[in-house]
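The data block below is coords-v9.cif; it holds mmCIF, C-alpha atoms.
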data_model
loop_
_atom_site.label_atom_id
_atom_site.label_comp_id
_atom_site.auth_asym_id
_atom_site.auth_seq_id
_atom_site.Cartn_x
_atom_site.Cartn_y
_atom_site.Cartn_z
CA MET A 1 -60.08 13.69 -65.21
CA ILE A 2 -58.08 16.82 -64.43
CA ILE A 3 -54.35 16.15 -63.98
CA ILE A 4 -52.30 18.58 -61.89
CA GLY A 5 -48.65 17.81 -62.62
CA GLU A 6 -46.70 17.63 -59.35
CA LYS A 7 -43.06 17.38 -60.48
CA ILE A 8 -41.97 21.03 -60.03
CA ASN A 9 -41.93 20.90 -56.26
CA GLY A 10 -38.94 21.71 -54.09
CA THR A 11 -39.76 18.88 -51.67
CA ILE A 12 -38.71 16.43 -54.40
CA PRO A 13 -34.92 16.12 -53.83
CA SER A 14 -33.78 16.49 -57.46
CA THR A 15 -36.15 19.40 -58.05
CA GLY A 16 -35.08 21.04 -54.81
CA VAL A 17 -31.45 20.93 -55.95
CA ALA A 18 -32.43 22.43 -59.31
CA ILE A 19 -34.29 25.27 -57.61
CA ALA A 20 -31.42 25.98 -55.23
CA SER A 21 -28.89 26.04 -58.07
CA ARG A 22 -31.28 27.88 -60.44
CA ASP A 23 -31.00 25.12 -63.06
CA SER A 24 -33.48 26.51 -65.57
CA ALA A 25 -32.94 23.69 -68.09
CA PHE A 26 -33.98 21.07 -65.53
CA ILE A 27 -37.18 22.97 -64.64
CA ALA A 28 -38.02 23.65 -68.28
CA ASP A 29 -37.64 19.96 -69.10
CA LEU A 30 -40.03 18.98 -66.30
CA ALA A 31 -42.59 21.51 -67.49
CA VAL A 32 -42.42 20.35 -71.12
CA ARG A 33 -42.56 16.64 -70.33
CA GLN A 34 -45.54 17.04 -67.99
CA SER A 35 -47.31 19.13 -70.60
CA GLU A 36 -46.67 16.52 -73.29
CA ALA A 37 -47.90 13.76 -70.95
CA GLY A 38 -51.28 15.49 -70.69
CA ALA A 39 -51.16 17.62 -67.54
CA ASP A 40 -54.01 20.13 -67.36
CA PHE A 41 -52.12 22.29 -64.85
CA ILE A 42 -48.41 22.50 -63.99
CA ASP A 43 -48.02 22.82 -60.24
CA VAL A 44 -45.23 25.18 -59.16
CA CYS A 45 -44.07 24.89 -55.55
CA ALA A 46 -40.74 26.38 -54.45
CA SER A 47 -40.59 24.92 -50.90
CA THR A 48 -37.76 27.28 -50.00
CA ALA A 49 -37.09 29.41 -46.95
CA PRO A 50 -39.89 32.01 -46.54
CA GLU A 51 -37.59 34.96 -47.16
CA VAL A 52 -36.69 33.75 -50.68
CA GLU A 53 -39.92 31.97 -51.65
CA VAL A 54 -41.45 34.80 -53.68
CA GLU A 55 -38.28 35.28 -55.73
CA ALA A 56 -38.02 31.53 -56.33
CA LEU A 57 -41.66 31.30 -57.37
CA LYS A 58 -41.24 34.16 -59.83
CA TRP A 59 -38.21 32.43 -61.34
CA LEU A 60 -40.10 29.15 -61.68
CA ILE A 61 -43.17 30.82 -63.16
CA ASP A 62 -41.10 32.62 -65.80
CA ILE A 63 -39.48 29.36 -66.90
CA VAL A 64 -42.71 27.37 -67.07
CA GLN A 65 -44.50 30.09 -69.01
CA SER A 66 -41.63 30.33 -71.49
CA VAL A 67 -41.92 26.67 -72.53
CA THR A 68 -45.59 25.70 -72.24
CA ASP A 69 -49.07 27.18 -72.50
CA VAL A 70 -50.46 24.78 -69.88
CA PRO A 71 -51.96 26.84 -67.02
CA ILE A 72 -49.98 27.10 -63.80
CA SER A 73 -51.07 25.81 -60.40
CA ILE A 74 -49.37 28.15 -57.97
CA ASP A 75 -48.61 26.22 -54.80
CA SER A 76 -47.65 27.61 -51.41
CA PRO A 77 -48.84 27.27 -47.81
CA ASN A 78 -48.38 31.06 -47.54
CA PRO A 79 -51.31 32.95 -49.13
CA HIS A 80 -49.31 36.17 -49.12
CA ALA A 81 -46.59 34.55 -51.27
CA ILE A 82 -49.27 33.47 -53.75
CA LYS A 83 -50.68 36.99 -53.78
CA ALA A 84 -47.19 38.44 -54.38
CA VAL A 85 -46.69 36.42 -57.61
CA PHE A 86 -50.28 36.38 -58.81
CA THR A 87 -49.87 39.13 -61.40
CA ASP A 88 -46.77 37.41 -62.86
CA ILE A 89 -48.96 34.61 -64.21
CA GLU A 90 -50.16 35.29 -67.74
CA LYS A 91 -53.38 33.25 -67.85
CA PRO A 92 -55.91 31.95 -65.32
CA GLY A 93 -54.77 28.82 -63.55
CA LEU A 94 -55.19 27.16 -60.17
CA ILE A 95 -54.47 28.35 -56.63
CA ASN A 96 -53.11 25.54 -54.44
CA SER A 97 -54.48 26.06 -51.86
CA VAL A 98 -56.94 27.64 -49.43
CA SER A 99 -58.39 26.29 -46.19
CA LEU A 100 -60.08 27.66 -43.11
CA GLU A 101 -56.66 28.08 -41.49
CA ALA A 102 -55.71 31.63 -40.45
CA ASP A 103 -56.52 34.25 -43.13
CA LYS A 104 -56.18 32.12 -46.28
CA THR A 105 -59.71 32.58 -47.61
CA GLU A 106 -59.68 36.30 -46.76
CA VAL A 107 -56.48 36.79 -48.75
CA LEU A 108 -57.07 34.50 -51.72
CA PHE A 109 -60.81 34.47 -52.42
CA PRO A 110 -60.97 38.24 -53.10
CA LEU A 111 -57.89 37.85 -55.34
CA ILE A 112 -59.65 35.46 -57.71
CA ALA A 113 -63.27 36.58 -57.22
CA ASP A 114 -63.70 38.33 -60.57
CA THR A 115 -61.45 36.03 -62.59
CA GLU A 116 -61.55 32.59 -64.19
CA TRP A 117 -59.04 31.17 -61.71
CA GLN A 118 -59.80 27.88 -59.98
CA VAL A 119 -58.75 26.94 -56.45
CA VAL A 120 -57.94 23.87 -54.37
CA ALA A 121 -59.69 23.96 -50.98
CA LEU A 122 -58.41 21.71 -48.19
CA LEU A 123 -60.89 20.47 -45.59
CA CYS A 124 -58.97 21.58 -42.53
CA ASP A 125 -59.02 24.55 -40.19
CA ASN A 126 -57.00 26.00 -37.33
CA ASN A 127 -57.46 22.74 -35.43
CA GLY A 128 -55.84 20.71 -38.20
CA ILE A 129 -57.40 17.82 -40.13
CA PRO A 130 -60.67 16.71 -38.49
CA GLN A 131 -60.92 13.11 -37.38
CA THR A 132 -64.41 12.48 -38.76
CA SER A 133 -65.88 12.87 -42.22
CA GLU A 134 -68.82 14.79 -40.68
CA GLN A 135 -66.43 17.44 -39.36
CA ARG A 136 -64.73 17.70 -42.74
CA LEU A 137 -68.08 18.07 -44.46
CA GLU A 138 -68.95 20.96 -42.14
CA ILE A 139 -65.69 22.65 -43.19
CA ALA A 140 -66.63 21.96 -46.81
CA ARG A 141 -69.99 23.70 -46.36
CA GLN A 142 -68.33 26.72 -44.73
CA THR A 143 -65.68 26.91 -47.46
CA ILE A 144 -68.20 26.63 -50.29
CA ASP A 145 -70.47 29.24 -48.70
CA CYS A 146 -67.49 31.58 -48.30
CA ALA A 147 -66.45 31.10 -51.93
CA VAL A 148 -69.97 31.68 -53.22
CA GLY A 149 -70.11 34.83 -51.10
CA TYR A 150 -67.18 36.16 -53.13
CA GLY A 151 -68.89 35.18 -56.39
CA ILE A 152 -66.72 32.08 -56.92
CA ALA A 153 -68.88 29.39 -58.52
CA PRO A 154 -68.69 25.84 -57.11
CA SER A 155 -67.42 24.66 -60.51
CA ARG A 156 -64.19 26.58 -59.84
CA LEU A 157 -63.50 24.69 -56.60
CA HIS A 158 -61.33 21.59 -56.25
CA ILE A 159 -62.24 20.24 -52.80
CA ASP A 160 -59.56 18.07 -51.19
CA PRO A 161 -61.15 15.99 -48.38
CA LEU A 162 -57.63 15.07 -47.25
CA VAL A 163 -56.39 11.60 -46.42
CA ILE A 164 -54.26 10.39 -43.55
CA SER A 165 -51.90 7.50 -44.14
CA LEU A 166 -53.69 4.18 -44.13
CA SER A 167 -50.98 2.86 -41.81
CA THR A 168 -52.20 5.17 -39.05
CA ASP A 169 -55.93 5.36 -39.86
CA GLN A 170 -57.62 2.27 -41.26
CA THR A 171 -60.74 4.33 -42.06
CA SER A 172 -58.88 6.95 -44.10
CA MET A 173 -60.17 5.73 -47.47
CA THR A 174 -63.77 5.30 -46.36
CA LYS A 175 -63.80 8.81 -44.89
CA PHE A 176 -62.51 10.18 -48.17
CA ILE A 177 -65.18 8.31 -50.14
CA HIS A 178 -67.95 9.54 -47.81
CA CYS A 179 -66.83 13.13 -48.28
CA CYS A 180 -66.58 12.73 -52.06
CA GLN A 181 -70.07 11.34 -52.39
CA GLU A 182 -71.69 13.86 -50.06
CA ILE A 183 -70.06 16.91 -51.65
CA LYS A 184 -70.90 15.71 -55.15
CA SER A 185 -74.52 15.23 -54.06
CA TRP A 186 -74.63 18.89 -52.99
CA TYR A 187 -72.90 20.31 -56.05
CA PRO A 188 -72.23 17.85 -58.91
CA GLU A 189 -70.16 20.52 -60.67
CA ILE A 190 -67.62 20.78 -57.84
CA HIS A 191 -64.29 19.04 -58.47
CA ILE A 192 -62.90 16.61 -55.91
CA THR A 193 -59.11 16.35 -55.81
CA SER A 194 -56.29 14.75 -53.84
CA GLY A 195 -52.58 14.16 -53.77
CA LEU A 196 -52.23 10.47 -54.58
CA SER A 197 -49.29 9.59 -52.35
CA ASN A 198 -50.47 10.66 -48.87
CA ILE A 199 -52.56 7.53 -48.38
CA SER A 200 -49.52 5.23 -48.61
CA PHE A 201 -47.04 7.03 -46.35
CA GLY A 202 -45.12 4.57 -44.19
CA LEU A 203 -46.18 1.50 -46.17
CA PRO A 204 -44.18 -0.77 -48.50
CA LEU A 205 -45.03 -0.91 -52.22
CA ARG A 206 -46.50 2.57 -52.03
CA LYS A 207 -47.21 2.72 -55.74
CA SER A 208 -49.65 -0.19 -55.48
CA ILE A 209 -51.57 1.52 -52.67
CA ASN A 210 -51.61 4.79 -54.61
CA GLN A 211 -53.02 3.11 -57.72
CA SER A 212 -55.70 1.37 -55.67
CA PHE A 213 -56.59 4.69 -54.04
CA LEU A 214 -56.88 6.37 -57.44
CA VAL A 215 -59.32 3.75 -58.74
CA LEU A 216 -61.53 3.77 -55.64
CA ALA A 217 -61.49 7.57 -55.36
CA MET A 218 -62.43 8.04 -59.02
CA GLY A 219 -65.27 5.59 -58.52
CA ALA A 220 -66.50 7.76 -55.63
CA GLY A 221 -66.44 10.93 -57.74
CA MET A 222 -62.88 12.29 -57.58
CA ASP A 223 -62.25 14.02 -60.90
CA SER A 224 -59.00 15.90 -60.23
CA ALA A 225 -55.64 14.66 -58.98
CA ILE A 226 -52.27 16.08 -58.01
CA MET A 227 -49.99 13.43 -59.48
CA ASP A 228 -46.95 12.58 -61.56
CA PRO A 229 -48.16 12.47 -65.19
CA LEU A 230 -44.79 10.96 -66.17
CA ASP A 231 -45.62 7.79 -64.21
CA ARG A 232 -46.78 5.60 -67.08
CA ASP A 233 -48.45 2.98 -64.88
CA MET A 234 -50.36 5.57 -62.88
CA LEU A 235 -51.45 7.38 -66.03
CA ALA A 236 -52.64 4.10 -67.57
CA THR A 237 -54.61 3.34 -64.40
CA LEU A 238 -56.21 6.78 -64.52
CA LEU A 239 -57.15 6.57 -68.20
CA GLY A 240 -58.40 3.01 -67.88
CA THR A 241 -60.57 3.89 -64.88
CA ASP A 242 -61.95 6.94 -66.69
CA ALA A 243 -62.95 4.69 -69.59
CA LEU A 244 -64.61 2.17 -67.27
CA LEU A 245 -66.58 5.01 -65.65
CA GLU A 246 -67.96 6.01 -69.07
CA ASN A 247 -65.95 9.25 -69.13
CA ASP A 248 -63.99 8.33 -72.28
CA ARG A 249 -66.22 7.82 -75.32
CA TYR A 250 -65.20 4.66 -77.18
CA CYS A 251 -61.96 4.66 -75.11
CA ARG A 252 -60.50 7.29 -77.42
CA LYS A 253 -58.31 8.99 -74.81
CA TYR A 254 -57.00 5.64 -73.60
CA THR A 255 -56.14 4.32 -77.06
CA THR A 256 -54.69 7.66 -78.18
CA ALA A 257 -52.39 7.72 -75.15
CA TYR A 258 -51.26 4.20 -76.00
CA ARG A 259 -50.57 5.07 -79.64
CA GLN A 260 -48.62 8.15 -78.57
CA GLY A 261 -46.47 6.03 -76.25
CA LYS A 262 -47.64 7.75 -73.05
CA ILE A 263 -48.78 4.46 -71.51
CA GLY A 264 -47.72 0.87 -71.96
CA LYS A 265 -44.18 -0.45 -72.16
CA SER A 266 -41.62 2.31 -72.51
CA LYS A 267 -39.77 2.42 -75.83
CA ASN A 268 -36.67 3.83 -74.18
#
Could you render the structure as structure tokens?
Amino acid sequence: MIIIGEKINGTIPSTGVAIASRDSAFIADLAVRQSEAGADFIDVCASTAPEVEVEALKWLIDIVQSVTDVPISIDSPNPHAIKAVFTDIEKPGLINSVSLEADKTEVLFPLIADTEWQVVALLCDNNGIPQTSEQRLEIARQTIDCAVGYGIAPSRLHIDPLVISLSTDQTSMTKFIHCCQEIKSWYPEIHITSGLSNISFGLPLRKSINQSFLVLAMGAGMDSAIMDPLDRDMLATLLGTDALLENDRYCRKYTTAYRQGKIGKSKN
């Protein structure tokens, strides 16, 4: 399971304050702790005003790269901002994200075509998030075909079928599962990803819904997640599910995480 650490994101209030005040120690601590918790990528999202986003992203990238070797997931809704900071990143990482909205694929696919970079692809277009899984799957086919046209192998794609809050769409989970299973049947090497918290928006006990979503989605083929690796319960759920799905030989990752104090009762 590929973990994309979500904590360095300006939409999180404490992180947003740290970015605004240029608190480098706070950002460095988040990067180190996510790395130590087992993140495969450290997501970096400034979420600032457009006119200062590139400068903020460069500042964040410099800090993260100074304290960890974990690859960066560069996160912005603006493909031109991603392009502006692309050469500041020292090793191949993850673009978060492309979609069929506006010129995103035209800007970002050529940028990573001849590299080892991976990319998150959202199943939406200029009309927003489609209502049916069939419509999302058509966007998936178009996106994959476009990527392959630029020489980007399916194994470098992290397809996000997108979920709408369960409180507004009772079929949200089943649509996600349908997309996962269909896409994996086309290209088993493609990664399926998601942000874990969207499904529970507007509901009480959101963490319980998010954990349930993680288990069901992994069972359907999701093998990548944008999540908080510092959430011990969520990490334990992920590692336990991976073991149950025969992706953790002799439960070594699960038991190692327990011995290292990453899951289980906190010692603090």
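The protein and nucleic acid residues lying at most 10 Å from Ser224 of chain A are A:Met1, A:Ile2, A:Ile3, A:Ile4, A:Asp40, A:Val120, A:His158, A:Ile159, A:Asp160, A:His191, A:Ile192, A:Thr193, A:Ser194, A:Gly195, A:Ala217, A:Met218, A:Gly221, A:Met227, with all atoms listed in the file considered and sequence neighbours fewer than 3 positions away removed.
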Find the residues of segment 5-32 of chain A that sit at most 12 Å from segment 47-53 of chain A; for each, write down the nearest two atoms and how far apart they are in Å, to one decimal. Count all atoms listed in the file. Sort by chain, then by number going up, and give it as a tab-separated table.
residue	atom	partner	partner_atom	distance
A:Ile8	CA	A:Ser47	CA	10.0
A:Asn9	CA	A:Ser47	CA	6.8
A:Gly10	CA	A:Ser47	CA	4.8
A:Thr11	CA	A:Ser47	CA	6.1
A:Ile12	CA	A:Ser47	CA	9.4
A:Pro13	CA	A:Ser47	CA	10.9
A:Thr15	CA	A:Ser47	CA	10.1
A:Gly16	CA	A:Ser47	CA	7.8
A:Val17	CA	A:Thr48	CA	10.7
A:Ala18	CA	A:Thr48	CA	11.8
A:Ile19	CA	A:Thr48	CA	8.6
A:Ala20	CA	A:Thr48	CA	8.3
Report as a PDB file with C-alpha atoms, keeping the file's coordinate frame the residues that result from applying the PyMOL selection byres ((chain A and resi 172-184) around 9) to the structure here.
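In the end it all went to part01.pdb:
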ATOM      1  CA  THR A 132     -64.410  12.480 -38.760  1.00  0.00           C
ATOM      2  CA  SER A 133     -65.880  12.870 -42.220  1.00  0.00           C
ATOM      3  CA  GLU A 134     -68.820  14.790 -40.680  1.00  0.00           C
ATOM      4  CA  ARG A 136     -64.730  17.700 -42.740  1.00  0.00           C
ATOM      5  CA  LEU A 137     -68.080  18.070 -44.460  1.00  0.00           C
ATOM      6  CA  ALA A 140     -66.630  21.960 -46.810  1.00  0.00           C
ATOM      7  CA  ARG A 141     -69.990  23.700 -46.360  1.00  0.00           C
ATOM      8  CA  ILE A 159     -62.240  20.240 -52.800  1.00  0.00           C
ATOM      9  CA  ASP A 160     -59.560  18.070 -51.190  1.00  0.00           C
ATOM     10  CA  PRO A 161     -61.150  15.990 -48.380  1.00  0.00           C
ATOM     11  CA  LEU A 162     -57.630  15.070 -47.250  1.00  0.00           C
ATOM     12  CA  VAL A 163     -56.390  11.600 -46.420  1.00  0.00           C
ATOM     13  CA  ILE A 164     -54.260  10.390 -43.550  1.00  0.00           C
ATOM     14  CA  SER A 165     -51.900   7.500 -44.140  1.00  0.00           C
ATOM     15  CA  LEU A 166     -53.690   4.180 -44.130  1.00  0.00           C
ATOM     16  CA  THR A 168     -52.200   5.170 -39.050  1.00  0.00           C
ATOM     17  CA  ASP A 169     -55.930   5.360 -39.860  1.00  0.00           C
ATOM     18  CA  GLN A 170     -57.620   2.270 -41.260  1.00  0.00           C
ATOM     19  CA  THR A 171     -60.740   4.330 -42.060  1.00  0.00           C
ATOM     20  CA  SER A 185     -74.520  15.230 -54.060  1.00  0.00           C
ATOM     21  CA  TRP A 186     -74.630  18.890 -52.990  1.00  0.00           C
ATOM     22  CA  TYR A 187     -72.900  20.310 -56.050  1.00  0.00           C
ATOM     23  CA  PRO A 188     -72.230  17.850 -58.910  1.00  0.00           C
ATOM     24  CA  GLU A 189     -70.160  20.520 -60.670  1.00  0.00           C
ATOM     25  CA  ILE A 190     -67.620  20.780 -57.840  1.00  0.00           C
ATOM     26  CA  HIS A 191     -64.290  19.040 -58.470  1.00  0.00           C
ATOM     27  CA  ILE A 192     -62.900  16.610 -55.910  1.00  0.00           C
ATOM     28  CA  ILE A 199     -52.560   7.530 -48.380  1.00  0.00           C
ATOM     29  CA  PHE A 213     -56.590   4.690 -54.040  1.00  0.00           C
ATOM     30  CA  LEU A 216     -61.530   3.770 -55.640  1.00  0.00           C
ATOM     31  CA  ALA A 217     -61.490   7.570 -55.360  1.00  0.00           C
ATOM     32  CA  GLY A 219     -65.270   5.590 -58.520  1.00  0.00           C
ATOM     33  CA  ALA A 220     -66.500   7.760 -55.630  1.00  0.00           C
ATOM     34  CA  GLY A 221     -66.440  10.930 -57.740  1.00  0.00           C
ATOM     35  CA  MET A 222     -62.880  12.290 -57.580  1.00  0.00           C
TER      36      MET A 222
END
Per residue of segment 24-84 of chain A within 6 Å of segment 91-108 of chain A, which atom pair is closest and at what distance in Å (one decimal), using only C-alpha atoms, listed by chain and increasing number, as a tab-separated table?
residue	atom	partner	partner_atom	distance
A:Pro71	CA	A:Gly93	CA	4.9
A:Ile72	CA	A:Gly93	CA	5.1
A:Ser73	CA	A:Leu94	CA	4.3
A:Ile74	CA	A:Ile95	CA	5.3
A:Asp75	CA	A:Asn96	CA	4.6
A:Pro79	CA	A:Lys104	CA	5.7
- Can you find the residues with an atom no farther than 12 Å from (-48.8, 27.6, -73.2), counting all atoms listed in the file, and report them as a ChimeraX atom specification? /A:31-32,35-36,39-42,61-72,89-93
Let me have the centre and edge lengths in Å, one decimal, of the box along x, y and z around every listed atom of segment 76-91 of chain A with 6 Å of margin on each side, as JSON.
{"center_x": -50.0, "center_y": 33.2, "center_z": -57.7, "size_x": 18.8, "size_y": 23.9, "size_z": 32.3}
- Is there a way to get, as a VMD selection string, all residues within 6 Å of the point (-42.7, 34.7, -57.1) in file coordinates, counting all atoms listed in the file? chain A and resid 54 to 58 85
- Can you list, as an MDAnalysis selection string, the residues that the PyMOL selection byres ((chain A and resi 248-257) around 12) selects here? chainID A and resid 1 36:38 229 232:233 235:247 258:265
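Each of A:Gln142, A:Ser266, A:Thr115, A:Asn126 was compared to Leu230 of chain A using all atoms listed in the file, and A:Ser266 turns out to be the nearest.
The nearest approach to Arg22 of chain A among the residues A:Gln34, A:Asn127, A:Gln135, A:Leu60, with all atoms listed in the file taken into account, belongs to A:Leu60.
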